[in-house]
Structure formats: C-alpha cells, structure tokens
file start_6.pdb (PDB, C-alpha atoms)
ATOM      1  CA  MET T   1     -23.341  55.289  -0.621
ATOM      2  CA  THR T   2     -23.671  57.016  -3.956
ATOM      3  CA  HIS T   3     -22.921  60.760  -3.985
ATOM      4  CA  GLY T   4     -22.205  60.689  -0.239
ATOM      5  CA  ALA T   5     -24.434  62.248   2.405
ATOM      6  CA  ARG T   6     -26.990  64.771   1.267
ATOM      7  CA  LEU T   7     -28.417  68.148   2.075
ATOM      8  CA  ILE T   8     -31.958  67.268   3.130
ATOM      9  CA  ILE T   9     -34.398  69.949   2.055
ATOM     10  CA  SER T  10     -38.050  70.659   1.360
ATOM     11  CA  ARG T  11     -39.092  72.772  -1.585
ATOM     12  CA  ALA T  12     -41.280  75.847  -1.221
ATOM     13  CA  VAL T  13     -42.587  78.867  -3.102
ATOM     14  CA  ALA T  14     -40.924  82.276  -3.221
ATOM     15  CA  PRO T  15     -41.356  84.449  -0.087
ATOM     16  CA  SER T  16     -42.442  88.025   0.239
ATOM     17  CA  HIS T  17     -39.969  90.873  -0.226
ATOM     18  CA  PHE T  18     -39.949  91.538   3.517
ATOM     19  CA  ASP T  19     -39.074  87.975   4.378
ATOM     20  CA  PHE T  20     -36.499  87.865   1.593
ATOM     21  CA  CYS T  21     -34.709  90.865   3.057
ATOM     22  CA  LEU T  22     -34.652  89.482   6.595
ATOM     23  CA  GLY T  23     -34.257  85.774   5.954
ATOM     24  CA  PHE T  24     -36.442  85.142   9.006
ATOM     25  CA  SER T  25     -38.923  82.373   9.676
ATOM     26  CA  PHE T  26     -41.195  83.700  12.401
ATOM     27  CA  CYS T  27     -44.276  81.815  13.616
ATOM     28  CA  GLU T  28     -44.888  79.452  10.746
ATOM     29  CA  PRO T  29     -48.445  78.123  10.237
ATOM     30  CA  GLN T  30     -48.948  74.413  10.643
ATOM     31  CA  PRO T  31     -51.686  71.790  10.814
ATOM     32  CA  THR T  32     -53.405  71.777  14.202
ATOM     33  CA  GLU T  33     -52.952  68.797  16.478
ATOM     34  CA  ASP T  34     -56.558  67.681  16.065
ATOM     35  CA  SER T  35     -56.761  68.334  12.340
ATOM     36  CA  PRO T  36     -57.586  65.291  10.179
ATOM     37  CA  ASN T  37     -54.561  66.296   8.110
ATOM     38  CA  ALA T  38     -52.209  66.638  11.065
ATOM     39  CA  PRO T  39     -49.060  64.494  11.085
ATOM     40  CA  GLY T  40     -49.864  61.110  12.547
ATOM     41  CA  SER T  41     -53.582  61.364  11.748
ATOM     42  CA  ARG T  42     -55.206  58.175  10.526
ATOM     43  CA  ARG T  43     -56.487  60.049   7.507
ATOM     44  CA  VAL T  44     -52.994  60.781   6.222
ATOM     45  CA  PRO T  45     -52.391  58.399   3.306
ATOM     46  CA  THR T  46     -49.609  55.974   4.014
ATOM     47  CA  GLU T  47     -47.473  55.389   0.995
ATOM     48  CA  GLU T  48     -43.906  54.215   0.738
ATOM     49  CA  PRO T  49     -41.576  57.179   0.091
ATOM     50  CA  PRO T  50     -39.331  56.997  -2.961
ATOM     51  CA  ARG T  51     -35.913  55.503  -2.633
ATOM     52  CA  CYS T  52     -32.776  57.469  -3.235
ATOM     53  CA  PRO T  53     -29.925  56.012  -5.341
ATOM     54  CA  CYS T  54     -28.224  54.658  -2.223
ATOM     55  CA  GLY T  55     -31.288  52.563  -1.385
ATOM     56  CA  SER T  56     -32.426  54.484   1.684
ATOM     57  CA  THR T  57     -35.903  55.963   1.890
ATOM     58  CA  ARG T  58     -36.817  59.596   2.240
ATOM     59  CA  GLY T  59     -40.110  61.429   2.477
ATOM     60  CA  ARG T  60     -41.526  62.954  -0.689
ATOM     61  CA  ALA T  61     -40.788  66.492   0.466
ATOM     62  CA  ALA T  62     -37.066  65.970   0.896
ATOM     63  CA  PRO T  63     -35.460  66.264  -2.543
ATOM     64  CA  VAL T  64     -31.706  66.141  -2.872
ATOM     65  CA  ILE T  65     -29.368  68.870  -4.026
ATOM     66  CA  ARG T  66     -27.213  67.307  -6.709
ATOM     67  CA  GLY T  67     -24.238  69.102  -8.169
ATOM     68  CA  PRO T  68     -20.537  68.991  -8.837
ATOM     69  CA  ARG T  69     -19.720  69.223  -5.141
ATOM     70  CA  PRO T  70     -21.431  66.308  -3.359
ATOM     71  CA  TYR T  71     -20.901  65.569   0.294
ATOM     72  CA  GLN T  72     -18.010  63.257   0.983
ATOM     73  CA  ILE T  73     -18.570  60.496   3.490
ATOM     74  CA  LEU T  74     -16.362  60.364   6.538
ATOM     75  CA  LYS T  75     -16.590  56.761   7.713
ATOM     76  CA  THR T  76     -15.249  56.211  11.200
ATOM     77  CA  GLU T  77     -15.207  53.497  13.802
ATOM     78  CA  ALA T  78     -17.097  55.839  16.121
ATOM     79  CA  THR T  79     -19.973  56.082  13.649
ATOM     80  CA  LYS T  80     -20.151  52.294  13.313
ATOM     81  CA  CYS T  81     -20.286  52.115  17.073
ATOM     82  CA  PHE T  82     -23.225  54.559  17.161
ATOM     83  CA  GLN T  83     -25.206  52.300  14.829
ATOM     84  CA  LYS T  84     -24.885  49.385  17.228
ATOM     85  CA  MET T  85     -25.546  51.267  20.459
ATOM     86  CA  ALA T  86     -28.669  50.690  22.500
ATOM     87  CA  GLY T  87     -30.226  53.417  24.595
ATOM     88  CA  ARG T  88     -28.606  56.290  22.730
ATOM     89  CA  LYS T  89     -28.883  59.730  24.312
ATOM     90  CA  VAL T  90     -30.026  62.776  22.350
ATOM     91  CA  LEU T  91     -29.953  66.437  23.309
ATOM     92  CA  ILE T  92     -32.212  68.784  21.331
ATOM     93  CA  VAL T  93     -31.233  72.433  21.694
ATOM     94  CA  TYR T  94     -34.368  74.287  20.621
ATOM     95  CA  ALA T  95     -34.751  78.005  19.917
ATOM     96  CA  HIS T  96     -38.216  79.259  19.036
ATOM     97  CA  GLN T  97     -40.555  81.464  21.049
ATOM     98  CA  GLU T  98     -43.786  79.763  19.969
ATOM     99  CA  PRO T  99     -44.448  76.109  20.925
ATOM    100  CA  ARG T 100     -47.083  75.809  18.151
ATOM    101  CA  SER T 101     -44.681  76.985  15.449
ATOM    102  CA  PHE T 102     -43.422  74.804  12.616
ATOM    103  CA  ASN T 103     -40.095  74.550  14.443
ATOM    104  CA  GLY T 104     -42.054  73.393  17.463
ATOM    105  CA  SER T 105     -43.594  70.623  15.363
ATOM    106  CA  LEU T 106     -40.181  69.544  14.087
ATOM    107  CA  LYS T 107     -38.930  69.402  17.664
ATOM    108  CA  ARG T 108     -41.906  67.337  18.850
ATOM    109  CA  ILE T 109     -41.544  64.897  15.968
ATOM    110  CA  ALA T 110     -37.878  64.387  16.838
ATOM    111  CA  MET T 111     -38.746  63.780  20.485
ATOM    112  CA  GLU T 112     -41.482  61.275  19.638
ATOM    113  CA  GLU T 113     -39.654  59.368  16.907
ATOM    114  CA  LEU T 114     -36.346  59.082  18.749
ATOM    115  CA  SER T 115     -38.125  58.053  21.949
ATOM    116  CA  LYS T 116     -39.879  55.284  20.009
ATOM    117  CA  GLN T 117     -36.443  54.016  19.026
ATOM    118  CA  GLY T 118     -35.499  53.674  22.680
ATOM    119  CA  CYS T 119     -33.409  56.829  22.792
ATOM    120  CA  SER T 120     -33.268  58.998  25.883
ATOM    121  CA  VAL T 121     -34.213  62.488  24.659
ATOM    122  CA  THR T 122     -33.476  65.689  26.562
ATOM    123  CA  VAL T 123     -34.603  69.121  25.361
ATOM    124  CA  SER T 124     -33.054  72.476  26.193
ATOM    125  CA  ASP T 125     -35.890  74.840  25.265
ATOM    126  CA  LEU T 126     -33.849  78.028  25.422
ATOM    127  CA  TYR T 127     -36.694  80.563  25.357
ATOM    128  CA  ALA T 128     -38.796  78.608  27.860
ATOM    129  CA  MET T 129     -35.736  78.305  30.104
ATOM    130  CA  GLN T 130     -35.071  82.033  29.690
ATOM    131  CA  PHE T 131     -31.502  81.016  28.975
ATOM    132  CA  GLU T 132     -29.028  83.846  29.438
ATOM    133  CA  PRO T 133     -27.234  84.350  26.090
ATOM    134  CA  ARG T 134     -24.758  86.963  27.272
ATOM    135  CA  ALA T 135     -21.208  85.889  28.099
ATOM    136  CA  THR T 136     -20.384  87.916  31.196
ATOM    137  CA  ARG T 137     -18.427  87.971  34.452
ATOM    138  CA  ASN T 138     -21.410  86.247  36.060
ATOM    139  CA  ASP T 139     -20.433  82.991  34.348
ATOM    140  CA  VAL T 140     -17.484  82.701  36.732
ATOM    141  CA  VAL T 141     -18.142  81.805  40.360
ATOM    142  CA  GLY T 142     -15.576  82.945  42.884
ATOM    143  CA  CYS T 143     -12.346  84.820  42.363
ATOM    144  CA  LEU T 144     -11.080  85.737  38.933
ATOM    145  CA  HIS T 145      -7.789  84.495  37.565
ATOM    146  CA  ASN T 146      -6.922  88.101  36.678
ATOM    147  CA  SER T 147      -9.078  90.612  38.525
ATOM    148  CA  GLU T 148      -7.394  93.600  36.881
ATOM    149  CA  GLU T 149      -8.272  92.751  33.266
ATOM    150  CA  PHE T 150     -11.235  90.518  32.481
ATOM    151  CA  ASN T 151     -10.749  88.057  29.611
ATOM    152  CA  TYR T 152     -13.826  85.861  29.166
ATOM    153  CA  GLY T 153     -12.021  83.031  27.360
ATOM    154  CA  VAL T 154      -9.245  82.799  29.927
ATOM    155  CA  GLU T 155     -11.514  83.195  32.942
ATOM    156  CA  THR T 156     -14.027  80.536  31.848
ATOM    157  CA  TRP T 157     -11.168  78.177  30.986
ATOM    158  CA  GLU T 158      -9.700  78.583  34.471
ATOM    159  CA  ALA T 159     -13.158  78.366  36.052
ATOM    160  CA  TYR T 160     -13.948  75.140  34.182
ATOM    161  CA  LYS T 161     -10.741  73.523  35.440
ATOM    162  CA  ARG T 162     -11.626  74.294  39.065
ATOM    163  CA  GLY T 163     -15.382  73.686  38.727
ATOM    164  CA  GLY T 164     -16.152  77.373  39.041
ATOM    165  CA  LEU T 165     -18.569  78.019  36.169
ATOM    166  CA  SER T 166     -22.131  79.198  36.846
ATOM    167  CA  SER T 167     -24.703  76.493  37.570
ATOM    168  CA  ASP T 168     -26.702  76.993  34.357
ATOM    169  CA  VAL T 169     -23.578  76.527  32.219
ATOM    170  CA  ILE T 170     -22.552  73.420  34.151
ATOM    171  CA  GLU T 171     -26.042  71.951  33.706
ATOM    172  CA  GLU T 172     -25.909  72.399  29.927
ATOM    173  CA  GLN T 173     -22.401  70.956  29.777
ATOM    174  CA  LYS T 174     -23.632  67.852  31.587
ATOM    175  CA  LYS T 175     -26.348  67.448  28.970
ATOM    176  CA  VAL T 176     -23.806  67.762  26.163
ATOM    177  CA  GLN T 177     -21.365  65.401  27.833
ATOM    178  CA  GLY T 178     -24.010  62.721  28.203
ATOM    179  CA  ALA T 179     -25.371  62.995  24.663
ATOM    180  CA  ASP T 180     -24.445  60.863  21.660
ATOM    181  CA  LEU T 181     -26.289  63.207  19.278
ATOM    182  CA  LEU T 182     -26.927  66.954  19.400
ATOM    183  CA  ILE T 183     -29.843  68.301  17.341
ATOM    184  CA  PHE T 184     -30.091  72.067  16.930
ATOM    185  CA  GLN T 185     -33.615  73.136  15.942
ATOM    186  CA  PHE T 186     -34.187  76.775  15.016
ATOM    187  CA  PRO T 187     -35.404  79.313  12.427
ATOM    188  CA  LEU T 188     -32.687  81.021  10.384
ATOM    189  CA  TYR T 189     -32.099  84.590  11.599
ATOM    190  CA  TRP T 190     -29.985  86.917   9.471
ATOM    191  CA  PHE T 191     -28.152  84.019   7.786
ATOM    192  CA  SER T 192     -27.356  82.477  11.178
ATOM    193  CA  MET T 193     -28.880  80.945  14.300
ATOM    194  CA  PRO T 194     -30.944  83.035  16.766
ATOM    195  CA  ALA T 195     -28.887  85.041  19.264
ATOM    196  CA  ILE T 196     -30.100  82.941  22.183
ATOM    197  CA  MET T 197     -28.695  79.797  20.545
ATOM    198  CA  LYS T 198     -25.425  81.511  19.640
ATOM    199  CA  GLY T 199     -25.196  82.563  23.289
ATOM    200  CA  TRP T 200     -25.644  78.924  24.274
ATOM    201  CA  MET T 201     -22.681  78.043  22.046
ATOM    202  CA  ASP T 202     -20.572  80.862  23.493
ATOM    203  CA  ARG T 203     -21.217  80.028  27.134
ATOM    204  CA  VAL T 204     -21.417  76.220  27.069
ATOM    205  CA  LEU T 205     -18.668  75.219  24.612
ATOM    206  CA  VAL T 206     -15.815  76.806  26.543
ATOM    207  CA  GLN T 207     -12.140  75.978  26.350
ATOM    208  CA  GLY T 208     -11.258  72.960  28.420
ATOM    209  CA  PHE T 209     -14.708  71.432  27.952
ATOM    210  CA  ALA T 210     -15.215  71.430  24.173
ATOM    211  CA  HIS T 211     -11.762  72.321  22.837
ATOM    212  CA  GLU T 212      -8.253  73.067  23.990
ATOM    213  CA  PHE T 213      -5.665  73.872  21.360
ATOM    214  CA  PRO T 214      -4.154  71.888  19.743
ATOM    215  CA  ASN T 215      -7.088  69.591  20.534
ATOM    216  CA  CYS T 216      -9.540  70.959  17.970
ATOM    217  CA  TYR T 217     -11.279  69.833  14.783
ATOM    218  CA  ASP T 218     -10.723  66.077  14.397
ATOM    219  CA  SER T 219      -9.058  65.940  17.815
ATOM    220  CA  GLY T 220     -11.559  68.238  19.535
ATOM    221  CA  LEU T 221     -12.708  67.255  23.003
ATOM    222  CA  LEU T 222     -16.233  66.324  21.824
ATOM    223  CA  LYS T 223     -14.992  64.025  19.068
ATOM    224  CA  ASN T 224     -17.201  61.065  20.021
ATOM    225  CA  LYS T 225     -20.436  62.932  19.334
ATOM    226  CA  LEU T 226     -22.682  63.645  16.344
ATOM    227  CA  ALA T 227     -24.558  66.859  15.550
ATOM    228  CA  LEU T 228     -27.362  67.797  13.173
ATOM    229  CA  PHE T 229     -28.623  71.275  12.314
ATOM    230  CA  SER T 230     -32.356  71.284  11.539
ATOM    231  CA  PHE T 231     -33.722  74.687  10.607
ATOM    232  CA  THR T 232     -36.303  76.614   8.639
ATOM    233  CA  THR T 233     -35.730  79.542   6.298
ATOM    234  CA  GLY T 234     -37.806  82.486   5.191
ATOM    235  CA  GLY T 235     -36.442  82.358   1.640
ATOM    236  CA  SER T 236     -37.155  79.673  -0.909
ATOM    237  CA  GLU T 237     -34.715  76.998  -1.990
ATOM    238  CA  GLU T 238     -33.971  78.885  -5.212
ATOM    239  CA  MET T 239     -32.905  81.939  -3.233
ATOM    240  CA  TYR T 240     -30.220  79.902  -1.484
ATOM    241  CA  ALA T 241     -28.805  78.269  -4.600
ATOM    242  CA  LYS T 242     -25.334  78.931  -5.957
ATOM    243  CA  GLY T 243     -25.355  82.152  -7.963
ATOM    244  CA  SER T 244     -28.572  83.410  -6.330
ATOM    245  CA  ILE T 245     -28.977  86.703  -4.504
ATOM    246  CA  ASN T 246     -28.510  85.018  -1.104
ATOM    247  CA  GLY T 247     -25.655  82.814  -2.224
ATOM    248  CA  ASP T 248     -25.196  79.103  -1.694
ATOM    249  CA  ILE T 249     -26.765  77.808   1.534
ATOM    250  CA  ARG T 250     -23.429  76.062   2.144
ATOM    251  CA  TYR T 251     -21.813  79.421   2.868
ATOM    252  CA  LEU T 252     -24.169  79.879   5.805
ATOM    253  CA  LEU T 253     -23.461  76.402   7.126
ATOM    254  CA  TRP T 254     -19.682  76.959   7.255
ATOM    255  CA  PRO T 255     -19.515  78.884  10.579
ATOM    256  CA  MET T 256     -22.102  76.678  12.272
ATOM    257  CA  GLN T 257     -21.041  73.227  11.113
ATOM    258  CA  HIS T 258     -17.316  73.757  10.639
ATOM    259  CA  GLY T 259     -16.453  76.747  12.810
ATOM    260  CA  ILE T 260     -18.313  75.507  15.898
ATOM    261  CA  MET T 261     -19.180  71.810  15.785
ATOM    262  CA  HIS T 262     -16.240  70.498  13.779
ATOM    263  CA  PHE T 263     -13.837  72.740  15.708
ATOM    264  CA  CYS T 264     -14.995  70.996  18.892
ATOM    265  CA  GLY T 265     -14.450  67.584  17.297
ATOM    266  CA  VAL T 266     -18.137  66.823  16.719
ATOM    267  CA  LYS T 267     -18.954  64.858  13.576
ATOM    268  CA  VAL T 268     -21.722  66.548  11.604
ATOM    269  CA  LEU T 269     -24.628  64.840   9.854
ATOM    270  CA  ALA T 270     -26.192  66.387   6.756
ATOM    271  CA  PRO T 271     -28.381  69.355   7.764
ATOM    272  CA  HIS T 272     -32.146  69.145   7.493
ATOM    273  CA  ILE T 273     -33.558  72.303   5.903
ATOM    274  CA  CYS T 274     -37.210  73.220   5.462
ATOM    275  CA  PHE T 275     -37.350  76.084   2.987
ATOM    276  CA  ALA T 276     -40.019  78.756   3.530
ATOM    277  CA  PRO T 277     -42.681  76.696   5.350
ATOM    278  CA  GLU T 278     -44.525  79.943   6.055
ATOM    279  CA  TYR T 279     -45.307  80.394   2.377
ATOM    280  CA  VAL T 280     -46.431  76.953   1.260
ATOM    281  CA  SER T 281     -49.708  75.073   1.537
ATOM    282  CA  GLU T 282     -50.756  73.017   4.541
ATOM    283  CA  GLU T 283     -50.205  69.907   2.450
ATOM    284  CA  LYS T 284     -46.612  70.920   1.705
ATOM    285  CA  ARG T 285     -45.927  71.646   5.366
ATOM    286  CA  LYS T 286     -47.359  68.263   6.256
ATOM    287  CA  GLU T 287     -45.032  66.639   3.729
ATOM    288  CA  MET T 288     -42.072  68.450   5.258
ATOM    289  CA  LEU T 289     -42.951  67.066   8.683
ATOM    290  CA  ILE T 290     -43.409  63.560   7.310
ATOM    291  CA  ALA T 291     -40.032  63.795   5.562
ATOM    292  CA  TRP T 292     -38.376  64.707   8.862
ATOM    293  CA  ALA T 293     -40.040  61.791  10.648
ATOM    294  CA  GLN T 294     -38.960  59.421   7.875
ATOM    295  CA  ARG T 295     -35.363  60.574   8.049
ATOM    296  CA  LEU T 296     -35.254  60.128  11.813
ATOM    297  CA  LYS T 297     -36.220  56.463  11.421
ATOM    298  CA  THR T 298     -32.856  55.715   9.780
ATOM    299  CA  LEU T 299     -30.806  58.549  11.245
ATOM    300  CA  TRP T 300     -28.386  56.280  13.090
ATOM    301  CA  LYS T 301     -27.396  54.604   9.833
ATOM    302  CA  GLU T 302     -26.179  57.882   8.314
ATOM    303  CA  GLU T 303     -22.509  58.746   7.994
ATOM    304  CA  PRO T 304     -21.196  62.223   8.878
ATOM    305  CA  ILE T 305     -20.258  64.655   6.157
ATOM    306  CA  ASN T 306     -16.750  65.867   5.534
ATOM    307  CA  CYS T 307     -16.783  69.472   6.747
ATOM    308  CA  SER T 308     -13.852  70.592   4.597
ATOM    309  CA  PRO T 309     -13.367  74.096   3.139
ATOM    310  CA  GLU T 310     -13.451  72.599  -0.344
ATOM    311  CA  TRP T 311     -17.031  71.430   0.040
ATOM    312  CA  TYR T 312     -18.269  74.823   1.167
ATOM    313  CA  PHE T 313     -16.458  77.177  -1.167
ATOM    314  CA  GLN T 314     -15.154  75.462  -4.305
TER
END

call {"tool": "encode", "arguments": {"input": "start_6.pdb", "output": "structure tokens"}}
result
Amino acid sequence: MTHGARLIISRAVAPSHFDFCLGFSFCEPQPTEDSPNAPGSRRVPTEEPPRCPCGSTRGRAAPVIRGPRPYQILKTEATKCFQKMAGRKVLIVYAHQEPRSFNGSLKRIAMEELSKQGCSVTVSDLYAMQFEPRATRNDVVGCLHNSEEFNYGVETWEAYKRGGLSSDVIEEQKKVQGADLLIFQFPLYWFSMPAIMKGWMDRVLVQGFAHEFPNCYDSGLLKNKLALFSFTTGGSEEMYAKGSINGDIRYLLWPMQHGIMHFCGVKVLAPHICFAPEYVSEEKRKEMLIAWAQRLKTLWKEEPINCSPEWYFQ
C-alpha cells in the first residue's frame, strides 16, 4: 500500500473565534432524516468515488494528508485473520449529548453499514446511559485491599482479580472483551475526548483487564483487537496543520492512540476526522457522511498504523 495508512479527513472552512479558542464541536447541523438531500436518499447522486494511489476507494470529502511523515503499515497475522472472519463484533463507544448531532449521524451510519456486513454491533451511548465518569471507591465491591490508604489503581486491580468491580464496569469490560473492533465516536473537547469518555477509559481499562506490566504496548492484554477514533473538530483542517496555531493534529492523537489504546495492546486504524462540520454547507456535511460510509465498506481490509513516537513528533 503506497504511503501506508492515511489520516482520513474532511475539509471545512475556518471557524469562528469562539470555536477556535475552545476547539469544541457542539451540536453540529446536519441534513434531516426526511430531507431529499439526506444520506441514503434516492436523490443523492451516485457516483464512483475517486481512487487513492493504493487502489482503494474513498468518498470525495476524505482527502489525504500527504507529507514527509506518512503512516507506516504494521502488517500482522492478527489483521489478516480479521479480514477473513465472519460475524465480526464491533463496540461503538459514543459520547455526544444530542442524538440528532453530526456525531449522532456518524454513529448511525457506522451501525447501519457494519450491520449490513453481518457484523454484530453494540453501542455504549455514554450520555444516554448516564455513565459515571468518576473513578471512585464505589468501583470496588466488598472489602478493600488496603482500607487505611485508598489507591484506585491497586484496589481496582485486586478487585478485578477477585471479580469485585462494580456491575457497570464489568458490563463494559464484557463488551470490550467480546469486540473485534472498538470505534470511539466523539466531538473534540479541549484537544481531547469528552470527560465522560475519558472516564470510561479510566474505569474500564483497569490493570489486570487491559494491561499488566510488563504486558503493555505490543504485548498488552487487548492485543487481538482493533480500534478507530472517529471525531469532529471545531477548528478547520488548516488550524490543525503542522506549524499552525493549534499544532499538528498528530500531537493530539498521541495520548489517545498511543498512550491508551496502544498501551493496552490494541492495534489502531487510521483516525477518521471531520473538520469543522458546524461551519460548512449542508452539501459538505453530506459528503463527509458519505465518505465515512464509503470507508466503512472496506474497513476490514485496512492495516493498522504504527503508533511510534517518530510518527507523532518528528
């Protein structure tokens, strides 16, 4: 595959000063479900998307970042196995307050397209679930390992080994354990994921379940799984370019892709980024949604990226 895996993005216009400062993507406008221009409508022109140099197809609204630091492909036997599997299982961890938001549309498209492929799709809608993001003593059922000095990492590790974690954490861990692919769908908040999703990471991916030193990174306990971060930004693509005021978008991906997923052994697919959907036309938003649907059609043929420090910072 020429140039390796890619950073899948959608171009957009510059945001307002307020949005630039926050980096938020709140409730993004979108085509209505019954609009003649809505995704899937019979009035949407069907044309074959352009082909990238590697021969795969992508939607028109998903240009490729090309530069001196392309993704490197990490080809593994596990990935080849994924391509041949039938009845794959997908967990979508979704964090947005508004079901009709642009993030909500991206989530629904993933559910529909992957289900068409025969995948079993489960969604953890964190806001709808009123998921508790705080890591507290309540996550441990029964007696503490050390009742005199509470250490969350130690206590949840001991609780996991004896089956003593809270029921909501155990339920999410079962979803992760059964999934072949994890998709994280969210708007970018302050150069990171929303707090409710970070809380999900903190409480679910505990020691003993997701990692246990020295079993981390390539030998992490979730090493037979794939992950993909799909998110929207408030700022335009140009504002997240190298040398821009926000800095390279790759800097933001380092703690999420490398520090969390890769640390737990998960192999990471190229992120899917929709830049500033709140500030573009309905037609552009529609193209972004079509691009996401097109990518999902061949998602299982993709190879994971190499989440090395060199790619992010050199």

call {"tool": "atom_distance", "arguments": {"input": "start_6.pdb", "atom1": "atom CA of Ala135 of chain T", "atom2": "atom CA of Ser219 of chain T"}}
result
25.5 Å

call {"tool": "resolve_selection", "arguments": {"input": "start_6.pdb", "expression": "the PyMOL selection byres ((chain T and resi 312) around 10)", "output": "list in words"}}
result
Arg69, Tyr71, Asp248, Ile249, Arg250, Tyr251, Leu252, Leu253, Trp254, His258, Cys307, Ser308, Pro309, Glu310, Trp311, Phe313 and Gln314 of chain T

call {"tool": "atom_distance", "arguments": {"input": "start_6.pdb", "atom1": "atom CA of Ser120 of chain T", "atom2": "atom CA of Asp180 of chain T"}}
result
10.0 Å

call {"tool": "resolve_selection", "arguments": {"input": "start_6.pdb", "expression": "the PyMOL selection byres ((chain T and resi 224) around 8)", "output": "count of residues only"}}
result
9

call {"tool": "atom_distance", "arguments": {"input": "start_6.pdb", "atom1": "atom CA of Glu278 of chain T", "atom2": "atom CA of Gly234 of chain T"}}
result
7.2 Å

call {"tool": "residues_around", "arguments": {"input": "start_6.pdb", "residues": "Arg137 of chain T", "least_positions_apart": "3", "cutoff": "8 Å", "atoms": "all atoms listed in the file", "output": "mmCIF file with C-alpha atoms, in the frame of the given file"}}
result
data_model
loop_
_atom_site.group_PDB
_atom_site.id
_atom_site.type_symbol
_atom_site.label_atom_id
_atom_site.label_comp_id
_atom_site.auth_asym_id
_atom_site.auth_seq_id
_atom_site.Cartn_x
_atom_site.Cartn_y
_atom_site.Cartn_z
ATOM 1 C CA VAL T 140 -17.484 82.701 36.732
ATOM 2 C CA PHE T 150 -11.235 90.518 32.481
ATOM 3 C CA TYR T 152 -13.826 85.861 29.166
#

call {"tool": "residues_around", "arguments": {"input": "start_6.pdb", "residues": "Leu126 of chain T", "least_positions_apart": "4", "cutoff": "12 Å", "atoms": "all atoms listed in the file", "output": "list in words"}}
result
Ile92, Val93, Tyr94, Ala95, His96, Gln97, Glu98, Pro99, Gln130, Phe131, Glu132, Pro133, Asp168, Glu172, Phe184, Gln185, Phe186, Pro194, Ala195, Ile196, Met197, Lys198, Gly199, Trp200 and Met201 of chain T

call {"tool": "residues_around", "arguments": {"input": "start_6.pdb", "residues": "Ser166 of chain T", "least_positions_apart": "4", "cutoff": "7 Å", "atoms": "all atoms listed in the file", "output": "ChimeraX atom specification"}}
result
/T:139-141,170

call {"tool": "closest_residue", "arguments": {"input": "start_6.pdb", "among": "T:Leu221, T:Thr156, T:Ser230, T:Glu237", "to": "Met193 of chain T", "atoms": "all atoms listed in the file"}}
result
T:Ser230

call {"tool": "residues_near_point", "arguments": {"input": "start_6.pdb", "point": "(-12.8, 72.0, 20.8)", "cutoff": "6 Å", "atoms": "all atoms listed in the file", "output": "PDB file with C-alpha atoms, in the coordinates of the input"}}
result
ATOM      1  CA  ALA T 210     -15.215  71.430  24.173  1.00  0.00           C
ATOM      2  CA  HIS T 211     -11.762  72.321  22.837  1.00  0.00           C
ATOM      3  CA  GLU T 212      -8.253  73.067  23.990  1.00  0.00           C
ATOM      4  CA  CYS T 216      -9.540  70.959  17.970  1.00  0.00           C
ATOM      5  CA  GLY T 220     -11.559  68.238  19.535  1.00  0.00           C
ATOM      6  CA  LEU T 221     -12.708  67.255  23.003  1.00  0.00           C
ATOM      7  CA  PHE T 263     -13.837  72.740  15.708  1.00  0.00           C
ATOM      8  CA  CYS T 264     -14.995  70.996  18.892  1.00  0.00           C
ATOM      9  CA  GLY T 265     -14.450  67.584  17.297  1.00  0.00           C
TER      10      GLY T 265
END

call {"tool": "resolve_selection", "arguments": {"input": "start_6.pdb", "expression": "the PyMOL selection byres ((chain T and resi 233) around 6)", "output": "list in words"}}
result
Ser25, Leu188, Thr232, Gly234, Gly235, Phe275 and Ala276 of chain T

call {"tool": "write_last_selection", "arguments": {"input": "start_6.pdb", "atoms": "C-alpha atoms", "output": "PDB file, in the coordinates of the input"}}
result
ATOM      1  CA  SER T  25     -38.923  82.373   9.676  1.00  0.00           C
ATOM      2  CA  LEU T 188     -32.687  81.021  10.384  1.00  0.00           C
ATOM      3  CA  THR T 232     -36.303  76.614   8.639  1.00  0.00           C
ATOM      4  CA  GLY T 234     -37.806  82.486   5.191  1.00  0.00           C
ATOM      5  CA  GLY T 235     -36.442  82.358   1.640  1.00  0.00           C
ATOM      6  CA  PHE T 275     -37.350  76.084   2.987  1.00  0.00           C
ATOM      7  CA  ALA T 276     -40.019  78.756   3.530  1.00  0.00           C
TER       8      ALA T 276
END

call {"tool": "axis_aligned_box", "arguments": {"input": "start_6.pdb", "around": "segment 121-137 of chain T", "padding_each_side": "5 Å", "output": "AutoDock Vina command-line options"}}
result
--center_x -28.6 --center_y 75.2 --center_z 29.6 --size_x 30.4 --size_y 35.5 --size_z 19.8

call {"tool": "closest_residue", "arguments": {"input": "start_6.pdb", "among": "T:Leu181, T:Gly208, T:Arg134, T:Lys175", "to": "Glu158 of chain T", "atoms": "all atoms listed in the file"}}
result
T:Gly208
